[in-house]
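Data file: coords_36.cif. Format and content: mmCIF, C-alpha atoms and all ligand atoms.
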data_protein
#
loop_
_atom_site.label_atom_id
_atom_site.label_comp_id
_atom_site.auth_asym_id
_atom_site.auth_seq_id
_atom_site.Cartn_x
_atom_site.Cartn_y
_atom_site.Cartn_z
CA VAL H 156 94.35 -78.37 129.97
CA ALA H 157 97.29 -76.30 128.76
CA SER H 158 96.88 -74.48 125.48
CA PRO H 159 99.04 -75.94 122.71
CA LEU H 160 100.22 -72.48 121.63
CA ARG H 161 100.98 -69.01 122.95
CA PHE H 162 102.01 -65.82 121.24
CA SER H 163 103.96 -63.09 123.00
CA GLY H 164 106.82 -60.77 122.27
CA GLY H 165 106.51 -61.51 118.57
CA VAL H 166 107.22 -65.20 119.09
CA LEU H 167 104.80 -68.10 118.58
CA GLU H 168 105.48 -70.94 120.99
CA LEU H 169 104.07 -74.40 120.30
CA LEU H 170 103.77 -77.34 122.65
CA ASP H 171 105.46 -80.03 120.55
CA GLN H 172 102.71 -82.66 120.25
CA THR H 173 105.09 -85.17 118.70
CA ARG H 174 106.84 -85.36 122.09
CA LEU H 175 103.74 -85.86 124.23
CA PRO H 176 103.03 -87.49 126.59
CA GLY H 177 106.65 -88.23 127.43
CA ALA H 178 107.97 -84.65 127.41
CA GLU H 179 106.47 -81.17 127.43
CA VAL H 180 108.74 -79.32 125.04
CA TRP H 181 107.90 -75.84 123.72
CA LEU H 182 109.07 -74.90 120.22
CA ARG H 183 109.81 -71.26 119.38
CA CYS H 184 108.69 -70.00 115.97
CA GLU H 185 109.99 -66.60 114.96
CA GLU H 186 109.59 -67.16 111.23
CA PRO H 187 106.64 -68.59 109.27
CA GLU H 188 108.99 -71.22 107.83
CA GLN H 189 109.44 -72.70 111.31
CA LEU H 190 105.68 -72.86 111.79
CA ALA H 191 105.19 -74.47 108.36
CA ASP H 192 107.65 -77.16 109.39
CA ALA H 193 105.88 -77.65 112.74
CA ILE H 194 102.48 -78.06 111.04
CA ARG H 195 103.88 -80.61 108.57
CA ARG H 196 105.49 -82.64 111.38
CA LEU H 197 102.24 -82.47 113.46
CA ALA H 198 104.03 -80.64 116.27
CA VAL H 199 100.85 -78.55 116.12
CA ARG H 200 97.81 -80.39 114.77
CA GLY H 201 94.01 -80.67 114.82
CA ALA H 202 92.03 -78.61 112.33
CA PRO H 203 91.07 -75.61 114.54
CA ALA H 204 94.51 -75.41 116.21
CA ILE H 205 96.17 -75.39 112.80
CA GLY H 206 93.90 -72.47 111.85
CA VAL H 207 94.81 -70.49 114.99
CA ALA H 208 98.53 -71.27 114.56
CA ALA H 209 98.40 -70.18 110.91
CA ALA H 210 96.78 -66.89 111.94
CA TYR H 211 99.78 -66.15 114.16
CA GLY H 212 102.09 -67.41 111.39
CA LEU H 213 100.71 -64.63 109.17
CA VAL H 214 101.45 -62.15 111.97
CA LEU H 215 105.04 -63.44 112.11
CA GLY H 216 105.33 -63.07 108.34
CA LEU H 217 104.14 -59.47 108.29
CA ARG H 218 106.65 -58.38 110.93
CA ASP H 219 109.45 -58.57 108.40
CA LEU H 220 108.32 -57.42 104.97
CA ARG H 221 111.67 -58.29 103.35
CA GLY H 222 111.30 -55.27 101.12
CA GLU H 223 107.93 -56.44 99.77
CA GLU H 224 104.56 -54.74 99.80
CA PRO H 225 102.42 -56.04 102.72
CA SER H 226 99.97 -57.76 100.36
CA ALA H 227 102.73 -59.46 98.36
CA ARG H 228 104.43 -60.61 101.55
CA PHE H 229 101.08 -61.83 102.91
CA GLU H 230 100.48 -63.94 99.79
CA ALA H 231 103.97 -65.47 100.00
CA VAL H 232 103.39 -66.50 103.63
CA ALA H 233 99.83 -67.64 102.86
CA GLU H 234 101.17 -69.86 100.09
CA LEU H 235 103.81 -71.34 102.39
CA LEU H 236 101.42 -72.06 105.28
CA GLY H 237 98.50 -73.05 103.03
CA SER H 238 100.56 -75.80 101.40
CA THR H 239 101.44 -77.59 104.65
CA ARG H 240 98.37 -79.81 105.06
CA PRO H 241 95.60 -80.23 102.47
CA THR H 242 92.57 -81.67 104.32
CA ALA H 243 91.84 -79.37 107.27
CA VAL H 244 89.84 -76.50 105.78
CA ASN H 245 90.36 -74.31 108.88
CA LEU H 246 93.82 -73.55 107.50
CA ARG H 247 92.43 -72.02 104.32
CA TRP H 248 89.64 -70.37 106.29
CA ALA H 249 92.14 -68.63 108.60
CA ILE H 250 94.23 -67.45 105.66
CA ASP H 251 91.16 -66.04 103.89
CA GLY H 252 90.19 -64.20 107.08
CA GLY H 253 93.71 -62.78 107.40
CA ARG H 254 93.62 -61.56 103.81
CA GLU H 255 90.38 -59.66 104.52
CA ALA H 256 91.78 -58.21 107.75
CA LEU H 257 94.88 -57.00 105.91
CA ALA H 258 92.82 -55.43 103.10
CA ARG H 259 90.72 -53.58 105.69
CA ALA H 260 93.80 -52.34 107.53
CA LEU H 261 95.40 -51.07 104.34
CA ALA H 262 92.18 -49.39 103.19
CA GLU H 263 91.79 -47.66 106.55
CA GLY H 264 95.45 -46.71 106.88
CA HIS H 265 96.14 -48.91 109.93
CA ASP H 266 99.43 -50.61 110.63
CA PRO H 267 99.15 -54.01 108.86
CA GLY H 268 101.18 -55.91 111.46
CA GLU H 269 99.18 -54.58 114.38
CA ALA H 270 95.88 -55.11 112.60
CA LEU H 271 96.75 -58.74 111.85
CA ARG H 272 97.81 -59.30 115.44
CA GLU H 273 94.45 -58.01 116.69
CA TRP H 274 92.64 -60.15 114.13
CA ALA H 275 94.59 -63.29 115.16
CA ASP H 276 93.81 -62.68 118.84
CA ALA H 277 90.11 -62.31 117.97
CA LEU H 278 90.18 -65.52 115.92
CA ALA H 279 91.75 -67.41 118.84
CA ARG H 280 89.15 -65.93 121.20
CA ASP H 281 86.30 -66.91 118.86
CA GLN H 282 87.62 -70.47 118.73
CA ARG H 283 87.64 -70.74 122.52
CA ASP H 284 84.13 -69.34 122.60
CA ALA H 285 82.92 -71.74 119.87
CA ASP H 286 84.38 -74.68 121.82
CA ARG H 287 82.45 -73.72 124.93
CA ARG H 288 79.22 -73.34 122.99
CA MET H 289 79.63 -76.67 121.17
CA ALA H 290 80.16 -78.45 124.49
CA ALA H 291 77.00 -76.84 125.90
CA HIS H 292 74.92 -77.90 122.88
CA ALA H 293 76.34 -81.45 123.00
CA LEU H 294 75.19 -82.04 126.59
CA ALA H 295 71.72 -82.92 125.31
CA LEU H 296 73.20 -85.98 123.52
CA PHE H 297 74.28 -87.69 126.72
CA SER H 298 72.09 -89.47 129.20
CA GLU H 299 72.83 -90.92 132.63
CA ARG H 300 76.24 -92.74 132.58
CA SER H 301 76.65 -92.68 128.80
CA ARG H 302 79.44 -94.79 127.38
CA VAL H 303 81.07 -92.76 124.63
CA TYR H 304 83.64 -93.85 122.04
CA THR H 305 85.99 -91.25 120.53
CA HIS H 306 88.74 -91.29 117.93
CA CYS H 307 91.94 -89.29 117.36
CA ASN H 308 92.47 -86.21 119.53
CA THR H 309 89.87 -83.47 119.58
CA GLY H 310 90.68 -81.81 122.89
CA GLY H 311 92.27 -78.47 123.72
CA LEU H 312 95.46 -79.63 122.02
CA ALA H 313 93.56 -79.81 118.73
CA THR H 314 91.74 -76.46 119.00
CA ALA H 315 93.68 -74.13 121.30
CA GLY H 316 90.45 -73.93 123.30
CA SER H 317 88.65 -76.62 125.27
CA GLY H 318 88.23 -78.95 122.28
CA THR H 319 85.45 -80.15 120.02
CA ALA H 320 84.32 -83.74 120.65
CA LEU H 321 86.63 -84.24 123.61
CA GLY H 322 85.67 -80.87 125.09
CA ALA H 323 82.03 -81.96 124.88
CA ILE H 324 82.82 -85.31 126.52
CA GLU H 325 84.69 -83.60 129.36
CA GLU H 326 81.80 -81.16 129.86
CA ALA H 327 79.33 -84.06 129.96
CA TRP H 328 81.55 -85.85 132.46
CA ARG H 329 81.55 -82.77 134.71
CA ALA H 330 77.75 -82.82 134.45
CA GLY H 331 77.78 -86.42 135.69
CA LEU H 332 76.57 -87.86 132.40
CA VAL H 333 79.53 -90.05 131.40
CA GLY H 334 80.00 -93.63 132.57
CA GLU H 335 82.86 -94.60 130.24
CA VAL H 336 85.13 -93.04 127.65
CA TRP H 337 86.58 -95.42 125.09
CA VAL H 338 89.62 -93.86 123.40
CA GLY H 339 90.60 -95.41 120.06
CA GLU H 340 94.40 -95.40 119.94
CA THR H 341 94.43 -93.98 116.37
CA ARG H 342 97.05 -95.66 114.26
CA PRO H 343 99.67 -94.83 113.12
CA LEU H 344 100.57 -91.71 115.14
CA LEU H 345 98.50 -92.54 118.23
CA GLN H 346 96.75 -89.21 118.73
CA GLY H 347 94.23 -91.14 120.86
CA ALA H 348 96.60 -93.22 122.99
CA ARG H 349 99.13 -90.39 123.43
CA LEU H 350 97.22 -87.10 123.31
CA THR H 351 93.60 -87.84 124.26
CA ALA H 352 94.77 -90.08 127.10
CA TRP H 353 97.14 -87.31 128.28
CA GLU H 354 94.36 -84.71 128.23
CA LEU H 355 91.79 -86.92 129.97
CA GLU H 356 94.32 -87.81 132.64
CA GLN H 357 94.96 -84.10 133.27
CA SER H 358 91.24 -83.43 133.61
CA GLY H 359 90.71 -86.44 135.85
CA VAL H 360 88.21 -88.11 133.50
CA PRO H 361 88.38 -91.93 133.74
CA PHE H 362 88.86 -93.65 130.36
CA HIS H 363 90.15 -96.76 128.62
CA VAL H 364 92.35 -96.79 125.54
CA VAL H 365 91.41 -99.52 123.05
CA THR H 366 92.98 -100.63 119.78
CA ASP H 367 91.19 -99.15 116.77
CA SER H 368 89.97 -102.60 115.80
CA SER H 369 88.13 -103.03 119.12
CA ALA H 370 85.26 -100.68 118.23
CA ALA H 371 83.02 -103.26 116.55
CA ALA H 372 83.53 -105.77 119.35
CA LEU H 373 82.66 -103.20 122.03
CA MET H 374 79.50 -102.28 120.16
CA ALA H 375 78.54 -105.91 119.66
CA ARG H 376 78.84 -106.36 123.43
CA GLY H 377 76.52 -103.39 123.93
CA GLN H 378 79.19 -101.28 125.62
CA VAL H 379 78.94 -98.13 123.49
CA ASP H 380 75.99 -95.70 123.66
CA LEU H 381 77.33 -93.04 121.32
CA VAL H 382 80.32 -92.15 119.17
CA MET H 383 81.62 -88.59 119.22
CA VAL H 384 84.37 -87.37 116.88
CA GLY H 385 85.70 -84.16 115.34
CA ALA H 386 86.19 -83.19 111.70
CA ASP H 387 88.82 -81.71 109.44
CA ARG H 388 86.41 -80.63 106.75
CA ILE H 389 82.69 -81.03 106.23
CA ALA H 390 81.31 -80.77 102.70
CA ARG H 391 78.11 -78.90 101.87
CA ASN H 392 76.15 -82.18 101.83
CA GLY H 393 77.37 -83.23 105.28
CA ASP H 394 80.09 -85.68 104.22
CA VAL H 395 82.78 -85.55 106.91
CA ALA H 396 86.55 -85.84 106.43
CA ASN H 397 88.23 -86.84 109.67
CA LYS H 398 91.13 -88.95 110.92
CA ILE H 399 91.53 -92.26 109.11
CA GLY H 400 89.39 -94.87 110.85
CA THR H 401 86.40 -92.58 111.39
CA TYR H 402 84.60 -94.09 108.40
CA SER H 403 84.99 -97.67 109.66
CA LEU H 404 83.78 -96.49 113.05
CA ALA H 405 80.71 -94.95 111.40
CA VAL H 406 79.96 -98.15 109.47
CA VAL H 407 80.09 -100.35 112.56
CA ALA H 408 78.15 -97.78 114.57
CA GLU H 409 75.33 -97.84 112.04
CA ARG H 410 75.41 -101.66 112.04
CA HIS H 411 74.88 -101.60 115.82
CA ARG H 412 72.45 -98.66 115.82
CA VAL H 413 74.83 -96.50 117.83
CA PRO H 414 74.49 -92.77 117.00
CA LEU H 415 77.56 -90.98 115.67
CA TYR H 416 77.91 -87.25 116.33
CA VAL H 417 80.46 -84.95 114.73
CA VAL H 418 81.41 -81.93 116.83
CA ALA H 419 82.94 -79.16 114.72
CA PRO H 420 82.90 -75.36 114.53
CA LEU H 421 81.34 -73.60 111.54
CA SER H 422 84.90 -72.85 110.35
CA THR H 423 85.19 -76.57 109.52
CA LEU H 424 82.16 -76.45 107.20
CA ASP H 425 83.34 -75.85 103.65
CA PRO H 426 80.67 -74.25 101.48
CA ASP H 427 82.98 -74.50 98.45
CA THR H 428 83.11 -78.31 98.59
CA ALA H 429 79.92 -79.98 97.36
CA THR H 430 80.59 -83.55 98.51
CA GLY H 431 83.24 -85.60 100.27
CA ALA H 432 84.57 -86.81 96.92
CA GLU H 433 86.06 -83.35 96.39
CA ILE H 434 87.92 -83.23 99.71
CA PRO H 435 91.68 -83.63 99.23
CA ILE H 436 92.94 -86.47 101.42
CA GLU H 437 96.42 -86.09 102.80
CA GLU H 438 98.82 -88.97 102.22
CA ARG H 439 101.71 -88.98 104.64
CA ASP H 440 105.11 -90.65 104.74
CA PRO H 441 104.71 -94.46 104.48
CA GLY H 442 107.44 -94.67 107.10
CA GLU H 443 104.89 -93.57 109.71
CA VAL H 444 103.01 -96.84 109.08
CA MET H 445 105.90 -99.27 108.66
CA ALA H 446 109.63 -98.61 108.68
CA GLY H 447 111.17 -99.38 105.33
CA GLY H 448 108.27 -101.39 103.94
CA PRO H 449 105.75 -100.60 101.23
CA ALA H 450 102.82 -98.84 102.91
CA LEU H 451 100.04 -96.42 102.02
CA ASN H 452 99.45 -93.82 104.69
CA LEU H 453 96.05 -92.16 104.23
CA ALA H 454 95.78 -89.58 107.01
CA PHE H 455 92.01 -89.04 106.66
CA ASP H 456 88.87 -90.69 105.31
CA VAL H 457 85.42 -89.47 104.37
CA THR H 458 82.33 -90.57 106.27
CA PRO H 459 79.26 -90.24 104.05
CA HIS H 460 76.62 -87.95 105.51
CA HIS H 461 74.00 -90.69 105.89
CA LEU H 462 76.14 -92.25 108.63
CA VAL H 463 76.28 -89.00 110.61
CA THR H 464 73.43 -88.70 113.13
CA ALA H 465 73.97 -84.96 113.69
CA LEU H 466 76.61 -82.25 113.59
CA VAL H 467 77.20 -80.22 116.74
CA THR H 468 78.31 -76.66 116.00
CA GLU H 469 78.54 -73.49 118.06
CA VAL H 470 75.13 -72.46 116.73
CA GLY H 471 73.51 -75.72 117.75
CA LEU H 472 72.76 -79.16 116.35
CA LEU H 473 72.54 -79.52 112.57
CA GLU H 474 70.45 -82.49 111.47
CA PRO H 475 69.74 -84.17 108.14
CA PRO H 476 69.01 -83.16 105.48
CA TYR H 477 72.41 -81.48 105.69
CA GLU H 478 72.13 -79.88 102.29
CA GLU H 479 69.50 -77.70 103.97
CA SER H 480 70.78 -77.37 107.55
CA ILE H 481 74.42 -76.60 106.63
CA PRO H 482 73.78 -73.70 104.23
CA ARG H 483 71.17 -72.34 106.65
CA ALA H 484 73.70 -72.31 109.52
CA LEU H 485 76.35 -70.65 107.36
CA ARG H 486 73.90 -68.00 106.13
CA ALA H 487 72.79 -67.23 109.69
CA GLN H 488 76.43 -66.72 110.67
CA SER H 489 77.22 -64.25 107.86
CA PRO H 490 73.97 -62.66 106.71
CA ALA H 491 75.76 -60.66 103.97
O1 LIG L 501 96.32 -85.40 111.67
P1 LIG L 501 95.69 -84.65 112.81
O2 LIG L 501 96.15 -85.13 114.14
O3 LIG L 501 95.82 -83.14 112.64
O4 LIG L 501 94.14 -85.00 112.69
C1 LIG L 501 93.24 -84.42 113.59
C2 LIG L 501 91.84 -84.93 113.45
O5 LIG L 501 91.54 -85.73 112.59
C3 LIG L 501 90.80 -84.34 114.35
O6 LIG L 501 89.78 -85.26 114.57
C4 LIG L 501 90.22 -83.09 113.69
O7 LIG L 501 91.23 -82.18 113.32
C5 LIG L 501 89.23 -82.40 114.56
S1 LIG L 501 90.06 -81.78 115.97
C6 LIG L 501 89.19 -80.72 116.86
#
Just give me the structure of the file as structure tokens.
Ligand code: MRU
Amino acid sequence: VASPLRFSGGVLELLDQTRLPGAEVWLRCEEPEQLADAIRRLAVRGAPAIGVAAAYGLVLGLRDLRGEEPSARFEAVAELLGSTRPTAVNLRWAIDGGREALARALAEGHDPGEALREWADALARDQRDADRRMAAHALALFSERSRVYTHCNTGGLATAGSGTALGAIEEAWRAGLVGEVWVGETRPLLQGARLTAWELEQSGVPFHVVTDSSAAALMARGQVDLVMVGADRIARNGDVANKIGTYSLAVVAERHRVPLYVVAPLSTLDPDTATGAEIPIEERDPGEVMAGGPALNLAFDVTPHHLVTALVTEVGLLEPPYEESIPRALRAQSPA
């Protein structure tokens, strides 16, 4: 599957995900303002992909200092990009990493622009690597001809790698372990029906798109063996913020004793957020739900940790109690 972004010659190009699957249009970003606009419009979307795009947005920003000190310019761009979408923590995580990379470059007398470029390339590489490792760990959750239900889009488009939940599903399919993929269409912007369907078609994985409200019925008929989704932010206690509709999926899955797995890199775990109640939930334009009418457009919801069977990260499966397994995984990653 094509990567949703590429950086070369000082230009960040984004595959405009608002135009898929009808048209493959590449947007050119030469200024961080153009990227900020693209993130807000969901031209680039999915928590890890937003993080990778923001890393290159910082590189774009540091190319032209506009007469400012590198650190001051960095903070202005960080503020701009950081304010685009509130829920996905990978955005803040990428910006924090860029700030550290810049501080190191300045302390060691390296060119800030070049240092940030190298850092952004490494971050993108790490994401691709994390995706591969998550998919490998997730294989153990499938059995012969598993029927898996997924929500939103968590493929390469959402990570700039091979994907989280969808990458794992595709890997399991290649291993001969998948009998059916149910793709929830994902109202109102149809990341499932447009983007996941497009990606699965490209990889040759057979699937069926269903309306979001079909999940309970499919489970009642015994046609779902597991649910696999991604995450935009996971609190320290294991509460998971993900695309609106994930919580209802988790409730019906528990009701039908279907396990629900959340596939997410460690960069989606937020040690600064104690529980899901503290996760900011993005509210988008009501016009996306209903033209002209009164509507409330919650972009995400929080699935309480007790409905999450396990988290699949690049360092392996994290199981309850999450208040122990999550801090342990984060400590192992950065022993400092
Ligand atoms: O609003 P979106 O399309 O950016 O929401 C994306 C999701 O909710 C994904 O499930 C999440 O970012 C994980 S993607 C690997």
Centre and edge lengths, as lines of an AutoDock Vina configuration file, for the axis-aligned box enclosing every listed atom of ligand LIG 501 (chain L) with 8 Å of padding on each of the six sides, in Å to one decimal?
center_x = 92.8
center_y = -83.2
center_z = 114.3
size_x = 23.1
size_y = 21.0
size_z = 21.2
Hey, could you make a per-residue contact list for chain H against ligand LIG 501 (chain L) with 6 Å as the cut-off, showing the nearest pair of atoms and its distance in Å to one decimal, counting all atoms listed in the file, sorted by chain and number, as a Markdown table?
| residue | atom | partner | partner_atom | distance |
| --- | --- | --- | --- | --- |
| H:Arg200 | CA | L:LIG501 | O3 | 4.0 |
| H:Gly201 | CA | L:LIG501 | O7 | 3.5 |
| H:Ala202 | CA | L:LIG501 | O7 | 3.8 |
| H:Pro203 | CA | L:LIG501 | C6 | 5.9 |
| H:Cys307 | CA | L:LIG501 | O6 | 5.4 |
| H:Asn308 | CA | L:LIG501 | O6 | 5.7 |
| H:Thr309 | CA | L:LIG501 | C6 | 3.9 |
| H:Ala313 | CA | L:LIG501 | C6 | 4.8 |
| H:Thr314 | CA | L:LIG501 | C6 | 5.4 |
| H:Gly318 | CA | L:LIG501 | C6 | 5.8 |
| H:Thr319 | CA | L:LIG501 | C6 | 4.9 |
| H:Gly385 | CA | L:LIG501 | C5 | 4.0 |
| H:Ala386 | CA | L:LIG501 | C5 | 4.2 |
| H:Asp387 | CA | L:LIG501 | O7 | 4.6 |
| H:Asn397 | CA | L:LIG501 | O5 | 4.6 |
| H:Lys398 | CA | L:LIG501 | O5 | 3.7 |
Point-to-point distance from CA of Asn245 (chain H) to CA of Leu451 (chain H), Å rounded to tenths:
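Between CA of Asn245 (chain H) and CA of Leu451 (chain H) the gap is 25.1 Å.
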Would you kindly identify which residues have an atom no farther than 8 Å from (99.4, -60.8, 122.8), using only C-alpha atoms and the file's own coordinates, and write them out as JSON, numbers by chain?
{"H": [162, 163, 164, 272, 276]}
What lies within 12 Å of region 372-381 of chain H using all atoms listed in the file, ignoring chain neighbours under 4 positions off, as a PyMOL selection string?
chain H and resi 293+296-305+320+324+332-339+363+365-368+404-417+463-465
Would you compute the distance between CA of Ile205 (chain H) and CA of Leu321 (chain H)? Give it in Å to one decimal.
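Distance reported for this atom pair: 16.9 Å.
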Selection near Gly393 (chain H), 8 Å with only C-alpha atoms, sequence-local residues under 2 positions removed, as a PyMOL selection string:
chain H and resi 389-391+395+430+459-460+463+477-478+481
Close residues, Val166 (chain H) itself excluded, 10 Å, only C-alpha atoms, min 4 positions apart in chain, as a count of residues only:
11
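Among H:Leu197, H:Ala227, H:Ala233, H:Ala204, the residue with the shortest atom-to-atom distance to Ser317 (chain H), counting all atoms listed in the file, is H:Ala204.
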